[in-house]
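Colleague: Once you've had a glance at the structure underneath, I'll fire off some questions.
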Number of protein chains: 2
Amino acid sequence: MSDKRLLDTKRPTPLASSGALLQHIRLGLAFTRADLAALTGAARSTVSQRVDALIAAALVYEAGDGVSTGGRPPTVLAFNGDAGVVLTADLGATHSSFGVHDLNGVALARRGADLGIADGPEVVLASVLGILEELLHESGRSPTQVRGVGVGLPGPVEFASGTAVHPPIMPGWDGFPVPPHIQQHFDVPVLVDNDVNIMALGEYWTEWRDAVEDLIFVKVGTGIGSGIIVAGQIHRGAQGAAGDLGHVQLMGRTELCRCGNRGCVEAVAGGAALARSLTEGGTPASTARDVVELARGGNATAVRLIREAGRNLGEVLAGAVNFFNPAVIVMGGDVTAADQSLLAGVREVVYQRSTSLATQHLQIVRSRLGDRAGITGAAVMVIEHLLAPAAVDRQLETAVTG
Amino acid sequence: MSDKRLLDTKRPTPLASSGALLQHIRLGLAFTRADLAALTGAARSTVSQRVDALIAAALVYEAGDGVSTGGRPPTVLAFNGDAGVVLTADLGATHSSFGVHDLNGVALARRGADLGIADGPEVVLASVLGILEELLHESGRSPTQVRGVGVGLPGPVEFASGTAVHPPIMPGWDGFPVPPHIQQHFDVPVLVDNDVNIMALGEYWTEWRDAVEDLIFVKVGTGIGSGIIVAGQIHRGAQGAAGDLGHVQLMGRTELCRCGNRGCVEAVAGGAALARSLTEGGTPASTARDVVELARGGNATAVRLIREAGRNLGEVLAGAVNFFNPAVIVMGGDVTAADQSLLAGVREVVYQRSTSLATQHLQIVRSRLGDRAGITGAAVMVIEHLLAPAAVDRQLETAVTG
């Protein structure tokens with residue numbers, strides 16, 4: 001090792017395995033074989049051989065001629081998003097969303113349905129499978145084209161096994177193994193995650209990934225939760241419980257929370273808490289949606305309560321901003337969708353209470369995907385798993401040698 | 001893509017490039033050529049060829065014979081930690097630590113020195129370079145063996161450029177480009193980071209990486225700060241400001257903080273704040289170290305104040321635990337080192353205030369590395385950068401084709 005240049009590099013060159021080449025094409029880093037050779041430093045013959053393997057596996061196709069720089073124009077390579085489909089289900093407490101997506105994540109068909117998660121896994125998953133089969137048929141694809149399934153659940157999930165862990169609003173689901181149940185119908189990889197995590201991923205992937213590395217997605221509906229993206233990936237935490245902002249305590253508050261503690265921000269600023277406050281003040285409201293309707297209708301008390309909820313949530317988010325230093329906070333959920341009051345309250349307190357360095361370029365914005373965030377994120381989660389370079393490499397090697 | 005097994009994998013097979021093979025050997029995932037072939041699925045001949053390249057580059061050597069399973073015993077491969085050295089400097093406000101490390105991160109020589117960071121970058125870095133050259137000589141290595149330099153600074157750092165950003169206690173350092181200055185003496189990669197970040201990395205790498213993925217390191221000295229490890233990597237945040245727990249505000253507190261805000265936990269529970277409280281109570285103390293000495297000597301007021309500081313810090317950490325769901329919180333810094341009081345106060349509040357799921361397996365422990373955490377982490381940061389698979393691959397390709 002006499003050559004001191006050895007190891008002397010700040011930005012490592014991208015890898016050049018077949019799976020890595022596919023990744024470069026998918027991410028738009030390279031459009032031709034020459035691009036791939038230049039990007040990775042691999043020999044042109046090596047690149048051509050590996051691209052041929054990707055074409056043989058129908059993962060890449062030749063999309064036509066590029067611009068010539070003298071001589072024969074180079075062939076433009078493209079990822080074949082039609083190489084299969086992914087099914088998604090974002091299950092909420094009472095309302096769920098479903099989708100069929102191509103391998104670019106584009107929804108070929110989608111649908112909402114009212115399902116009561118409290119009916120238990122057997123009943124709910126039977127409905128889920130029925131709806132997914134109908135949707136698949138509607139999209140004109142066949143069951144043999146399904147490559148994976150992504151599911152979001154409204155509670156903590158142990159990601160490795162795909163099971164809910166002590167979910168507070170999901171009777172019967174604790175420890176129920178979701179993937180094997182779904183695999184009886186679709187024998188493909190099934191990934192299950194917390195619903196706010198996949199919403200965060202959907203929003204990140206669709207709107208933010210070219211601009212930032214990290215993001216916090218905060219959902220304010222009946223309850224309050226968040227999903228965290230670090231370096232483009234969902235951060236799940238040691239117990240799959242990361243993002244549980246709703247049960248951070250506001251000092252000096254004593255409202256009883258459904259978790260058993262007192263003063264949790266969810267018990268003060270969640271949609272259910274706002275409905276209770278309105279009712280106590282003489283304006284009947286039983287759900288977060290009622291509160292939203294009142295605010296949309298111009299009810300001054302509802303608007304004031306939502307703004308105050310934003311301030312209380314801002315107290316908690318100010319700490320998260322100092323700790324995590326995100327580039328973006330995306331606010332979603334019914335209460336956020338009502339009007340600008342919640343966002344205004346959050347901004348007011350976060351910009352006042354967090355350090356000036358952490359808020360220097362911080363954006364606090366509303367979700368652009370709305371109720372599509374969950375299925376979009378579930379599709380991204382499954383596609384990135386299926387098309388991870390090492391996964392593609394192994395399968396191509398299996399195809400060659402097996 | 002008619003074969004449905006294509007893409008059907010949950011745990012991708014490790015990559016088989018030369019750099020990846022080196023990584024597998026370093027991490028102890030494989031000890032022989034046969035191990036590497038089995039682990040990666042690559043052909044035995046391919047593995048042998050790539051291992052030969054690693055041996056030619058002196059990054060790997062044949063360490064002897066392994067255990068035979070019949071026939072000729074396989075040759076055991078080992079990473080050559082002597083292929084170079086890394087220099088480290090962990091600069092504090094008034095005290096700094098320095099090291100010379102082999103490429104396994106083992107310190108061949110180390111030293112502490114009193115340097116005033118407020119003397120400015122020109123003066124301080126001249127001393128740093130002088131000390132590093134002495135230490136290098138002491139370790140019996142030559143300047144040509146230096147492969148990289150890692151530096152920790154006591155303030156926010158823009159990692160990409162290696163410059164401090166508005167550091168509150170470092171007059172003259174704002175925007176000063178540290179790497180080019182050091183590269184005038186050592187023409188190798190120079191990485192600069194916040195001191196608490198590298199302490200977190202050092203503690204993670206030495207004590208925790210086999211057991212957990214994520215960790216929070218909290219330093220309680222004169223001030224309060226933290227470093228965050230996510231999936232084994234330092235999380236720096238959008239402005240390099242992640243981990244700034246010291247300026248999370250405690251509701252209802254009004255103590256003026258050096259940052260200009262009021263009620264920051266650092267202004268209530270940091271070492272400087274404790275010294276002030278002691279002085280006001282009639283026991284003169286001017287620094288965090290004075291407080292520590294008093295507590296070690298059995299002063300009841302100092303012990304009580306430290307315990308109360310732990311409770312206040314616990315309020316802030318309880319929120320971070322709900323949000324981030326770490327597996328471990330490691331507490332370091334002078335005030336932590338004093339006795340068990342700070343840890344007891346932190347535990348008391350975190351286990352009471354965080355959700356039961358997030359604290360189910362949470363460990364809150366004292367730093368085991370003490371003042372070696374910083375230089376250890378700086379060495380790890382540089383070594384992992386130098387030996388990243390893509391970096392090694394590129395340099396081996398350069399060596400072959402260039």
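As shown in the structure tokens, the chain order sets the letters A, B, ...; within each chain, residues go from 1, and ligands are also counted from 1 in the order they appear.
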Kindly determine which residues of chain A lie within 7 Å of chain B, considering only C-alpha atoms, and give the answer as a PyMOL selection string.

Modeller: chain A and resi 1+6-9+12-15+57-58+83+188-189+237-239+241-245+247-248+251+319+322-327+355+357-358+386-387+390-392+394-395

Colleague: I need the residues of range 83-230 of chain B that end up classed as helix (DSSP H, G or I) by DSSP on the backbone, written out as a VMD selection string.

Modeller: chain B and resid 117 to 119 121 to 138 143 to 145 178 to 183 195 to 208

Colleague: Calculate how many Å separate CA of Leu125 in chain A from CA of Val106 in chain A, rounding to one decimal.

Modeller: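 Answer for the CA of Leu125 in chain A to CA of Val106 in chain A separation: 23.8 Å.
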
Colleague: Name the closest residue to Arg304 in chain A among the candidates A:Pro284, A:Gly333, A:Gly202, A:Gly345; distances are taken between atoms, counting only C-alpha atoms.

Modeller: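 With only C-alpha atoms as the atom set, the closest residue is A:Gly345.
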
Colleague: Under the rule that only C-alpha atoms are counted, which of A:Ala78, A:Ala34, A:Leu201, A:Val349 is the nearest residue to Leu369 in chain A?

Modeller: A:Leu201
